[in-house]
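Enquirer: Following this line is work31.txt, made up of compact mmCIF, C-alpha atoms:
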```txt
# COMPACT_ATOMS: atom_id res chain seq x y z
CA MET A 276 25.18 4.48 -7.99
CA THR A 277 22.65 1.83 -9.00
CA LYS A 278 19.65 3.22 -10.83
CA VAL A 279 16.23 2.57 -9.25
CA ARG A 280 13.50 1.92 -11.81
CA ILE A 281 9.87 2.48 -10.80
CA GLY A 282 7.21 1.10 -13.15
CA ILE A 283 3.84 2.83 -13.27
CA ASP A 284 0.71 1.34 -14.83
CA VAL A 285 -0.31 4.27 -17.01
CA MET A 286 -3.64 2.69 -18.00
CA GLY A 287 -4.83 1.91 -14.45
CA GLY A 288 -7.33 4.10 -12.57
CA ASP A 289 -10.56 5.93 -13.24
CA PHE A 290 -8.79 8.95 -14.72
CA ALA A 291 -6.07 7.17 -16.69
CA PRO A 292 -4.07 7.93 -18.70
CA SER A 293 -4.34 11.70 -18.16
CA ALA A 294 -4.01 11.56 -14.35
CA THR A 295 -1.28 8.89 -14.40
CA ILE A 296 0.82 10.82 -16.89
CA GLU A 297 0.35 14.13 -15.09
CA GLY A 298 1.21 12.45 -11.79
CA SER A 299 4.33 10.93 -13.35
CA VAL A 300 5.38 14.36 -14.59
CA LEU A 301 4.87 15.82 -11.11
CA ALA A 302 6.91 12.98 -9.61
CA LEU A 303 9.96 13.93 -11.68
CA ASP A 304 10.61 16.87 -9.33
CA ASN A 305 10.00 14.80 -6.19
CA LEU A 306 12.38 11.90 -6.77
CA ALA A 307 16.05 11.71 -5.92
CA ASP A 308 18.69 11.50 -8.63
CA GLY A 309 19.14 8.01 -10.00
CA ILE A 310 15.44 7.10 -9.92
CA GLU A 311 13.87 6.40 -13.30
CA ILE A 312 10.12 6.25 -14.00
CA VAL A 313 9.06 3.55 -16.46
CA LEU A 314 5.69 4.30 -18.08
CA ILE A 315 3.84 1.10 -18.98
CA GLY A 316 0.88 1.44 -21.31
CA ASP A 317 -0.26 2.39 -24.80
CA GLN A 318 2.68 4.25 -26.33
CA ASP A 319 0.59 6.55 -28.56
CA GLN A 320 -1.56 7.67 -25.64
CA ILE A 321 1.51 8.17 -23.47
CA THR A 322 3.32 10.36 -25.99
CA SER A 323 0.13 12.31 -26.69
CA GLU A 324 -0.39 13.05 -22.99
CA LEU A 325 3.27 14.03 -22.53
CA LYS A 326 2.95 16.56 -25.35
CA LYS A 327 0.05 18.20 -23.51
CA HIS A 328 2.42 18.80 -20.60
CA GLN A 329 5.23 19.87 -22.93
CA VAL A 330 7.46 17.15 -21.54
CA ASP A 331 9.92 15.32 -23.76
CA ALA A 332 9.30 11.58 -23.86
CA SER A 333 13.02 11.02 -23.22
CA ALA A 334 12.41 12.00 -19.57
CA PHE A 335 10.85 8.57 -19.12
CA ASN A 336 11.41 5.00 -20.18
CA ILE A 337 8.28 3.94 -22.11
CA VAL A 338 7.19 0.31 -22.44
CA HIS A 339 4.34 -0.36 -24.85
CA ALA A 340 1.41 -2.32 -23.41
CA PRO A 341 -1.71 -1.75 -25.54
CA ASP A 342 -4.30 -3.68 -23.52
CA ILE A 343 -6.12 -2.71 -20.32
CA ILE A 344 -7.43 -4.80 -17.44
CA GLU A 345 -10.62 -2.91 -16.69
CA MET A 346 -11.91 -2.33 -13.17
CA GLY A 347 -14.80 -4.73 -13.78
CA ASP A 348 -12.71 -7.54 -15.26
CA HIS A 349 -12.31 -10.81 -13.36
CA PRO A 350 -8.77 -10.50 -11.91
CA THR A 351 -7.47 -14.02 -12.58
CA LYS A 352 -9.04 -14.42 -16.02
CA ALA A 353 -7.97 -10.96 -17.16
CA PHE A 354 -4.38 -11.39 -16.00
CA VAL A 355 -4.08 -14.63 -18.00
CA GLN A 356 -6.16 -13.61 -21.02
CA LYS A 357 -4.60 -10.15 -21.43
CA PRO A 358 -0.83 -10.77 -21.47
CA ASN A 359 -0.27 -7.44 -23.24
CA SER A 360 -2.13 -5.44 -20.61
CA SER A 361 -0.24 -2.79 -18.66
CA ILE A 362 -0.59 -4.80 -15.42
CA ALA A 363 0.60 -8.10 -16.94
CA VAL A 364 3.51 -6.43 -18.74
CA GLY A 365 4.42 -4.55 -15.56
CA PHE A 366 4.62 -7.75 -13.56
CA GLY A 367 6.65 -9.35 -16.32
CA LEU A 368 9.22 -6.54 -16.05
CA LEU A 369 9.20 -6.81 -12.26
CA LYS A 370 9.75 -10.57 -12.31
CA LYS A 371 12.70 -10.21 -14.70
CA GLY A 372 14.27 -7.46 -12.59
CA GLN A 373 13.86 -4.86 -15.32
CA ILE A 374 12.02 -2.63 -12.84
CA ASP A 375 12.51 -2.51 -9.07
CA GLY A 376 8.99 -1.57 -8.06
CA PHE A 377 5.58 -1.58 -9.75
CA ALA A 378 2.64 0.70 -8.90
CA SER A 379 -0.93 0.84 -10.18
CA ALA A 380 -4.24 2.53 -9.36
CA GLY A 381 -5.98 -0.05 -11.53
CA ASN A 382 -7.75 -3.33 -10.78
CA THR A 383 -6.69 -4.23 -7.21
CA GLY A 384 -7.62 -7.88 -7.63
CA ALA A 385 -5.45 -8.15 -10.74
CA MET A 386 -2.54 -6.60 -8.83
CA PHE A 387 -2.91 -9.28 -6.15
CA VAL A 388 -3.19 -12.04 -8.73
CA GLY A 389 -0.14 -10.66 -10.52
CA GLY A 390 1.79 -10.61 -7.28
CA TYR A 391 0.90 -14.20 -6.44
CA MET A 392 1.45 -15.56 -9.96
CA SER A 393 4.59 -13.73 -10.98
CA VAL A 394 6.76 -12.42 -8.13
CA LYS A 395 5.10 -14.72 -5.53
CA PRO A 396 4.90 -14.40 -1.73
CA ILE A 397 8.05 -14.52 0.39
CA PRO A 398 8.59 -18.09 1.70
CA GLY A 399 7.05 -18.37 5.15
CA ILE A 400 4.45 -15.66 4.62
CA LEU A 401 0.99 -17.12 5.21
CA ARG A 402 -1.00 -14.23 3.72
CA PRO A 403 0.40 -11.13 2.03
CA CYS A 404 -1.60 -8.12 3.10
CA ILE A 405 -2.15 -4.44 2.51
CA SER A 406 -1.71 -1.71 5.07
CA SER A 407 -2.71 1.90 5.35
CA VAL A 408 -1.82 4.76 7.66
CA LEU A 409 -4.05 6.70 10.04
CA PRO A 410 -2.96 10.21 11.06
CA LYS A 411 -2.12 10.66 14.73
CA LEU A 412 -3.01 13.83 16.57
CA ASP A 413 0.67 14.35 17.43
CA GLY A 414 1.67 14.48 13.76
CA GLY A 415 2.77 10.88 13.29
CA VAL A 416 0.88 7.96 11.79
CA ASN A 417 -0.49 4.62 12.90
CA VAL A 418 0.10 1.78 10.45
CA ILE A 419 -3.00 -0.43 10.21
CA LEU A 420 -3.12 -3.85 8.57
CA ASP A 421 -4.80 -5.71 7.00
CA VAL A 422 -7.24 -3.29 5.34
CA GLY A 423 -9.01 -5.55 2.87
CA ALA A 424 -6.94 -8.34 1.38
CA ASN A 425 -7.82 -10.99 3.98
CA ALA A 426 -11.37 -10.67 5.28
CA ASP A 427 -11.02 -13.87 7.33
CA CYS A 428 -7.86 -14.59 9.29
CA LYS A 429 -6.44 -17.01 11.81
CA ALA A 430 -4.38 -16.06 14.84
CA ASP A 431 -1.04 -16.98 13.26
CA VAL A 432 -1.83 -14.74 10.29
CA LEU A 433 -2.51 -11.78 12.61
CA TYR A 434 0.77 -12.56 14.35
CA GLN A 435 2.61 -12.24 11.04
CA PHE A 436 0.80 -8.96 10.36
CA GLY A 437 2.45 -7.71 13.54
CA ILE A 438 5.87 -8.51 12.08
CA LEU A 439 5.08 -7.01 8.67
CA GLY A 440 3.55 -3.86 10.12
CA SER A 441 6.45 -3.37 12.52
CA LEU A 442 9.02 -3.63 9.71
CA PHE A 443 7.02 -1.21 7.52
CA ALA A 444 6.62 1.30 10.37
CA GLU A 445 10.32 1.17 11.20
CA HIS A 446 11.94 1.19 7.78
CA VAL A 447 9.47 3.23 5.70
CA CYS A 448 7.68 5.43 8.26
CA GLY A 449 10.80 5.99 10.36
CA VAL A 450 9.38 4.81 13.71
CA LYS A 451 12.01 3.44 16.07
CA THR A 452 10.97 0.27 17.93
CA PRO A 453 7.32 0.54 16.83
CA ARG A 454 4.67 -0.59 19.31
CA VAL A 455 2.24 -3.17 17.93
CA GLY A 456 -1.35 -3.25 19.18
CA LEU A 457 -4.14 -5.74 18.48
CA LEU A 458 -7.49 -4.16 17.59
CA ASN A 459 -10.12 -5.38 20.03
CA ILE A 460 -13.30 -4.40 21.88
CA GLY A 461 -11.49 -4.02 25.19
CA GLU A 462 -8.00 -3.62 26.58
CA GLU A 463 -8.14 -6.73 28.80
CA GLU A 464 -6.51 -9.78 27.24
CA THR A 465 -9.61 -11.89 27.91
CA LYS A 466 -11.82 -9.57 25.81
CA GLY A 467 -12.79 -10.14 22.22
CA ASN A 468 -13.82 -13.01 19.98
CA MET A 469 -12.09 -16.35 19.52
CA LEU A 470 -9.72 -14.85 16.93
CA THR A 471 -8.48 -11.91 19.00
CA ILE A 472 -8.18 -13.95 22.19
CA ALA A 473 -6.07 -16.56 20.38
CA ALA A 474 -4.01 -13.88 18.62
CA HIS A 475 -3.35 -12.07 21.91
CA GLU A 476 -2.13 -15.31 23.45
CA MET A 477 0.37 -15.71 20.61
CA MET A 478 1.46 -12.07 20.54
CA LYS A 479 1.83 -11.25 24.24
CA ASP A 480 5.24 -12.92 24.66
CA SER A 481 6.53 -12.15 21.17
CA THR A 482 10.19 -11.41 20.61
CA ASP A 483 9.50 -10.60 16.93
CA PHE A 484 7.94 -7.21 17.68
CA ASN A 485 7.13 -4.85 20.54
CA PHE A 486 3.60 -5.90 21.52
CA CYS A 487 1.72 -3.36 23.63
CA GLY A 488 -1.58 -5.22 24.07
CA ASN A 489 -5.14 -4.72 22.89
CA ILE A 490 -6.15 -1.41 21.31
CA GLU A 491 -9.73 -0.16 21.25
CA SER A 492 -11.00 1.70 18.18
CA ARG A 493 -11.27 4.95 20.17
CA HIS A 494 -7.46 4.99 20.21
CA LEU A 495 -7.00 4.62 16.45
CA PHE A 496 -5.71 8.17 16.11
CA ASP A 497 -3.88 8.44 19.46
CA ASP A 498 -0.30 7.62 20.31
CA GLU A 499 -1.18 4.41 22.14
CA CYS A 500 0.75 2.37 19.57
CA ASP A 501 2.36 2.64 16.12
CA VAL A 502 0.99 -0.47 14.39
CA ILE A 503 -2.60 -1.71 14.61
CA VAL A 504 -3.22 -5.35 13.67
CA CYS A 505 -6.66 -6.59 12.59
CA ASP A 506 -8.37 -8.82 10.03
CA GLY A 507 -9.00 -7.34 6.59
CA PHE A 508 -12.77 -7.04 7.13
CA SER A 509 -12.39 -4.86 10.22
CA GLY A 510 -9.51 -2.89 8.71
CA ASN A 511 -11.45 -2.09 5.56
CA VAL A 512 -14.45 -0.88 7.57
CA ILE A 513 -12.16 1.41 9.58
CA LEU A 514 -10.44 2.75 6.47
CA LYS A 515 -13.72 3.51 4.72
CA GLN A 516 -15.04 5.21 7.85
CA ALA A 517 -11.94 7.41 8.01
CA GLU A 518 -12.50 8.35 4.36
CA SER A 519 -16.12 9.23 5.12
CA VAL A 520 -15.06 11.47 8.03
CA TYR A 521 -12.80 13.41 5.65
CA SER A 522 -15.64 13.65 3.12
CA LEU A 523 -18.05 15.00 5.78
CA ILE A 524 -15.49 17.55 6.96
CA LYS A 525 -15.08 18.82 3.39
CA GLN A 526 -18.84 18.87 2.73
CA ARG A 527 -19.29 21.06 5.79
CA GLN A 528 -16.49 23.32 4.52
CA ILE A 529 -14.48 22.93 7.72
CA GLU A 530 -10.81 23.81 7.35
CA ASP A 531 -8.58 21.91 9.73
CA ASP A 532 -4.92 20.96 9.29
CA TYR A 533 -5.33 17.68 11.15
CA PHE A 534 -8.33 16.45 9.18
CA ASP A 535 -6.62 17.46 5.93
CA ARG A 536 -4.25 14.59 6.70
CA PHE A 537 -7.13 12.15 6.16
CA ASN A 538 -6.99 12.94 2.42
CA TYR A 539 -5.93 9.76 0.61
CA GLU A 540 -4.08 11.89 -1.96
CA ASN A 541 -1.37 12.58 0.62
CA TYR A 542 -0.39 8.91 0.81
CA GLY A 543 -0.84 7.81 -2.79
CA GLY A 544 -1.06 4.09 -2.15
CA THR A 545 0.10 1.20 -0.05
CA PRO A 546 2.47 -1.71 -0.65
CA ILE A 547 1.35 -5.32 -0.71
CA LEU A 548 3.44 -6.57 2.20
CA GLY A 549 4.86 -10.07 1.95
CA LEU A 550 5.71 -10.35 -1.76
CA ASN A 551 9.19 -10.96 -3.15
CA LYS A 552 9.16 -7.61 -4.96
CA THR A 553 7.82 -4.13 -4.24
CA VAL A 554 4.23 -3.79 -5.44
CA VAL A 555 2.13 -0.73 -4.58
CA ILE A 556 -1.58 -0.27 -5.16
CA GLY A 557 -3.39 3.07 -5.29
CA HIS A 558 -6.99 4.21 -5.01
CA GLY A 559 -9.01 3.78 -8.21
CA ILE A 560 -10.10 7.42 -8.08
CA SER A 561 -6.51 8.67 -7.81
CA ASN A 562 -5.88 12.09 -9.30
CA ALA A 563 -2.50 13.40 -10.45
CA VAL A 564 -1.36 14.34 -6.92
CA ALA A 565 -2.22 10.87 -5.59
CA ILE A 566 -0.39 9.23 -8.51
CA LYS A 567 2.67 11.38 -7.82
CA ASN A 568 2.65 10.32 -4.17
CA MET A 569 2.10 6.67 -5.15
CA ILE A 570 5.26 6.79 -7.27
CA VAL A 571 7.23 8.52 -4.50
CA LEU A 572 6.04 5.91 -1.97
CA THR A 573 7.09 3.09 -4.30
CA ALA A 574 10.55 4.60 -4.58
CA ASP A 575 10.74 5.00 -0.78
CA VAL A 576 9.84 1.33 -0.22
CA VAL A 577 12.39 0.18 -2.79
CA GLU A 578 15.13 2.37 -1.34
CA ALA A 579 14.30 1.15 2.18
CA ASP A 580 14.91 -2.38 0.83
CA LEU A 581 11.83 -3.45 2.77
CA THR A 582 11.35 -6.69 0.84
CA THR A 583 14.85 -7.90 1.75
CA LYS A 584 14.32 -6.98 5.40
CA ILE A 585 11.07 -8.98 5.48
CA LEU A 586 12.76 -11.88 3.70
CA ASN A 587 15.67 -11.90 6.15
CA ASN A 588 13.30 -11.76 9.10
CA PHE A 589 11.37 -14.83 7.98
CA ASN A 590 14.46 -16.72 6.89
CA ASN A 591 15.91 -16.29 10.38
CA ASP A 592 12.86 -17.88 12.03
```
Would you mind writing the file out in C-alpha cells?

Expert:
Amino acid sequence: MTKVRIGIDVMGGDFAPSATIEGSVLALDNLADGIEIVLIGDQDQITSELKKHQVDASAFNIVHAPDIIEMGDHPTKAFVQKPNSSIAVGFGLLKKGQIDGFASAGNTGAMFVGGYMSVKPIPGILRPCISSVLPKLDGGVNVILDVGANADCKADVLYQFGILGSLFAEHVCGVKTPRVGLLNIGEEETKGNMLTIAAHEMMKDSTDFNFCGNIESRHLFDDECDVIVCDGFSGNVILKQAESVYSLIKQRQIEDDYFDRFNYENYGGTPILGLNKTVVIGHGISNAVAIKNMIVLTADVVEADLTTKILNNFNND
C-alpha cells in the first residue's frame, strides 16, 4: 500500500502553533492506516508543543521551516523573500512529490501564489477557484464556488466552475450525478446581468455536467441542486452571511442540530480546485478541531485522486 503524506503548515493561523499541533494530534485517530502527517514549521516549537500533549515526535514526520509568512505580509513578496517559511517549504515538498497534499490556515494569498508559482494550474484551467459547502435541510450539502478567489469572472470561467464543482461534489462529497445550478436573481434564463445570461447560454446545453438552470439565493440550502456556480464576489458575500447566521444563532443561545452544521469547524477548509496538486486552505481563526478536519479533508481529496480526475477531464476536451 502506497503511503499518503499530508503536509500541514504548523505556523499558519491565528492560533498557531498550539492549535495546529493539537489539531494534528487529534487527526492521528481520524486518519486511515498508511496516511502520514508531515509537520512543517519551526522544529523547536513543534517538539515543545508535542511534549505538552505527551505525544512522541516519532508519530509525525517533522520538516524544519523556521520562518513565517504573516497574515499581513504581501503574498507574492513574502513567498519569494521567505524561502524558509513554512508555506514556501511546504510547496517545495509538494512540487517534488515528497508530500501528496498541503494544508494551511495561514496567509490565503500566499497559498494561492504558492499554488500558481510552484505546482501551477492544470493546463486548460482558466481560473483555479475555491469552493465551500452549504448545509442542506435534508442532511446533504450544496457545493458553492467560487467563494472569493475570483471576484470578477467571464462566462467561460463560470462554465469551468460547473465542471470543477461537479467533480468535487461527486468524488469528494459522494453525490452521484450532481446537479449544477447557476446563481441568479430569477429562475428564467433571460434573468440576470450580462455575465449570468451569457453563462446560462453556455451551460444550458452542456454535456460536461448536469445543468439544472438558474438558482435563486432563497434555494441555497434546499435540494434544488448540488453545485451552485457564481463569481467569487457573490460567493464570498454568501459565505460570510452564512457565517453571520451561525454567529447570531449562537449569540441568542439557540440550540439546533441543523444550524450547528453552519460551524466552519466541521469542514476544516476547502481545496483550491484546478491546481496540479492537492492544496487546502483553512480559516485563519481555525482552532484544533478545525485543523483536524482540514487535515482529514486533505487526505480525503488526495485519496479521491481529484486532481487526476480534473486533469483527465480537461485533457479529454

Enquirer: I'd like to know which of A:Leu368, A:Cys404, A:Met392, A:Leu409 is closest to Cys428 (chain A), using all atoms listed in the file.

Expert: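 Looking at the shortest contact to Cys428 (chain A), the residue is A:Cys404.
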
Enquirer: Need the neighbours of (-5.7, 1.9, -10.9): which residues are at most 7 Å away, counting only C-alpha atoms, as a list in words?

Expert: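 Nearby residues: Gly287, Gly288, Asp289, Ser379, Ala380, Gly381, Asn382, Gly557, His558 and Gly559 of chain A.
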
Enquirer: What does the distance between CA of Asp342 (chain A) and CA of Ala294 (chain A) come to in Å, to one decimal place?

Expert: 17.8 Å

Enquirer: When you count all atoms listed in the file, which of these residues is closest to Val564 (chain A): A:Gly282, A:Leu550, A:Val300, A:Thr465?

Expert: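 For Val564 (chain A), the nearest of the given residues is A:Val300.
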
Enquirer: Measuring atom to atom with all atoms listed in the file, identify which of A:Gln356, A:Thr295, A:Asn305, A:Thr482 is nearest to Ile321 (chain A).

Expert: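 Checking each candidate against Ile321 (chain A), we get A:Thr295 as the closest.
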
Enquirer: Could you give me, as an NGL selection string, the residues within 10 Å of Cys487 (chain A), counting all atoms listed in the file and dropping anything in the same chain fewer than 3 positions from it?

Expert: :A and (453-457 or 478-479 or 484 or 490 or 499-502)

Enquirer: Extract, using only C-alpha atoms, all DNA, RNA and protein residues at most 9 Å from Ile344 (chain A), discarding same-chain residues fewer than 4 positions from it, and format them as a PyMOL selection string.

Expert: chain A and resi 286-287+348-350+353-354+357+360-363+381-382+385

Enquirer: Which is closest to Glu463 (chain A) among A:Asp483, A:Glu578, A:Asp421, A:Glu491, if we use only C-alpha atoms?

Expert: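 Looking at the shortest contact to Glu463 (chain A), the residue is A:Glu491.
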
Enquirer: Any idea what the distance is between CA of Ser509 (chain A) and CA of Leu470 (chain A)?

Expert: 12.3 Å

Enquirer: Find, counting only C-alpha atoms, the residue in A:Ala291, A:Val577, A:Ala307, A:Met386 that gets nearest to His446 (chain A).

Expert: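 Going through A:Ala291, A:Val577, A:Ala307, A:Met386 one by one, the smallest distance to His446 (chain A) is for A:Val577.
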
Enquirer: Between A:Gly367, A:Gly309, A:Ala474, A:Asn587, which is the closest to Leu433 (chain A) once you count all atoms listed in the file?

Expert: A:Ala474

Enquirer: Just give me the gap between CA of Phe436 (chain A) and CA of Gly488 (chain A) in Å, one decimal is fine.

Expert: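 Distance reported for this atom pair: 14.4 Å.
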
Enquirer: Contacts of Leu442 (chain A) at 12 Å or less, counting all atoms listed in the file, minus same-chain residues fewer than 3 places along, as a PyMOL selection string?

Expert: chain A and resi 406+418+435-439+445-455+483-485+501-502+548-549+576+579-589

Enquirer: With 9 Å as the threshold, what does the neighbourhood of (-5.4, 14.0, 21.4) contain in terms of residues, counting all atoms listed in the file? Coordinates are those of the file; answer as a ChimeraX atom specification.

Expert: /A:411-413,496-498

Enquirer: Next, the residues of the selection above should be written as a short mmCIF file (atom, residue, chain, number, x, y, z; two decimals), in the coordinates of the input with C-alpha atoms.

Expert:
```cif
data_model
loop_
_atom_site.label_atom_id
_atom_site.label_comp_id
_atom_site.auth_asym_id
_atom_site.auth_seq_id
_atom_site.Cartn_x
_atom_site.Cartn_y
_atom_site.Cartn_z
CA LYS A 411 -2.12 10.66 14.73
CA LEU A 412 -3.01 13.83 16.57
CA ASP A 413 0.67 14.35 17.43
CA PHE A 496 -5.71 8.17 16.11
CA ASP A 497 -3.88 8.44 19.46
CA ASP A 498 -0.30 7.62 20.31
#
```

Enquirer: Tell me, as a PyMOL selection string, which residues lie within 10 Å of Thr471 (chain A), counting all atoms listed in the file; anything in the same chain fewer than 2 positions away does not count.

Expert: chain A and resi 429-430+433+457-460+464-469+473-477+489+504-506

Enquirer: Reconstruct region 339-349 of chain A at the level of all heavy atoms, and format the result as a compact mmCIF listing (two decimals), in the frame of the given file.

Expert:
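Output (result06.txt):
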```
# COMPACT_ATOMS: atom_id res chain seq x y z
N HIS A 339 5.66 -0.27 -24.20
CA HIS A 339 4.34 -0.36 -24.85
C HIS A 339 3.55 -1.55 -24.32
O HIS A 339 4.02 -2.69 -24.30
CB HIS A 339 4.52 -0.50 -26.36
CG HIS A 339 3.23 -0.53 -27.13
ND1 HIS A 339 2.26 0.43 -27.01
CD2 HIS A 339 2.76 -1.42 -28.06
CE1 HIS A 339 1.24 0.16 -27.81
NE2 HIS A 339 1.52 -0.96 -28.46
N ALA A 340 2.33 -1.28 -23.87
CA ALA A 340 1.41 -2.32 -23.41
C ALA A 340 0.01 -1.86 -23.81
O ALA A 340 -0.62 -1.08 -23.10
CB ALA A 340 1.53 -2.51 -21.90
N PRO A 341 -0.49 -2.32 -24.95
CA PRO A 341 -1.71 -1.75 -25.54
C PRO A 341 -3.02 -2.12 -24.85
O PRO A 341 -4.02 -1.42 -25.01
CB PRO A 341 -1.68 -2.29 -26.97
CG PRO A 341 -0.93 -3.59 -26.86
CD PRO A 341 0.11 -3.35 -25.82
N ASP A 342 -3.04 -3.22 -24.10
CA ASP A 342 -4.30 -3.68 -23.52
C ASP A 342 -4.50 -3.16 -22.10
O ASP A 342 -3.55 -2.78 -21.42
CB ASP A 342 -4.36 -5.20 -23.53
CG ASP A 342 -4.38 -5.77 -24.94
OD1 ASP A 342 -4.79 -5.04 -25.86
OD2 ASP A 342 -3.98 -6.94 -25.11
N ILE A 343 -5.76 -3.21 -21.65
CA ILE A 343 -6.12 -2.71 -20.32
C ILE A 343 -6.93 -3.76 -19.57
O ILE A 343 -7.86 -4.34 -20.12
CB ILE A 343 -6.97 -1.42 -20.41
CG1 ILE A 343 -6.25 -0.33 -21.22
CG2 ILE A 343 -7.29 -0.89 -19.01
CD1 ILE A 343 -7.12 0.88 -21.51
N ILE A 344 -6.57 -4.02 -18.32
CA ILE A 344 -7.43 -4.80 -17.44
C ILE A 344 -8.38 -3.81 -16.78
O ILE A 344 -7.97 -2.97 -15.98
CB ILE A 344 -6.62 -5.56 -16.37
CG1 ILE A 344 -5.73 -6.62 -17.04
CG2 ILE A 344 -7.55 -6.22 -15.35
CD1 ILE A 344 -4.89 -7.44 -16.07
N GLU A 345 -9.63 -3.87 -17.18
CA GLU A 345 -10.62 -2.91 -16.69
C GLU A 345 -10.97 -3.20 -15.23
O GLU A 345 -10.76 -4.29 -14.72
CB GLU A 345 -11.90 -2.98 -17.54
CG GLU A 345 -11.68 -2.78 -19.04
CD GLU A 345 -11.37 -1.33 -19.41
OE1 GLU A 345 -11.44 -0.46 -18.51
OE2 GLU A 345 -11.08 -1.07 -20.60
N MET A 346 -11.54 -2.19 -14.58
CA MET A 346 -11.91 -2.33 -13.17
C MET A 346 -12.91 -3.47 -12.95
O MET A 346 -12.89 -4.14 -11.91
CB MET A 346 -12.49 -1.02 -12.63
CG MET A 346 -11.47 0.10 -12.51
SD MET A 346 -10.18 -0.28 -11.30
CE MET A 346 -9.50 1.36 -11.04
N GLY A 347 -13.78 -3.71 -13.93
CA GLY A 347 -14.80 -4.73 -13.78
C GLY A 347 -14.40 -6.11 -14.25
O GLY A 347 -15.17 -7.06 -14.13
N ASP A 348 -13.18 -6.23 -14.78
CA ASP A 348 -12.71 -7.54 -15.26
C ASP A 348 -12.45 -8.49 -14.10
O ASP A 348 -12.05 -8.07 -13.00
CB ASP A 348 -11.41 -7.38 -16.06
CG ASP A 348 -11.64 -6.81 -17.45
OD1 ASP A 348 -12.81 -6.76 -17.87
OD2 ASP A 348 -10.66 -6.40 -18.10
N HIS A 349 -12.65 -9.79 -14.36
CA HIS A 349 -12.31 -10.81 -13.36
C HIS A 349 -10.79 -10.86 -13.25
O HIS A 349 -10.09 -11.08 -14.26
CB HIS A 349 -12.84 -12.17 -13.79
CG HIS A 349 -12.67 -13.25 -12.76
ND1 HIS A 349 -11.46 -13.89 -12.58
CD2 HIS A 349 -13.53 -13.76 -11.85
CE1 HIS A 349 -11.58 -14.78 -11.60
NE2 HIS A 349 -12.83 -14.72 -11.14
```
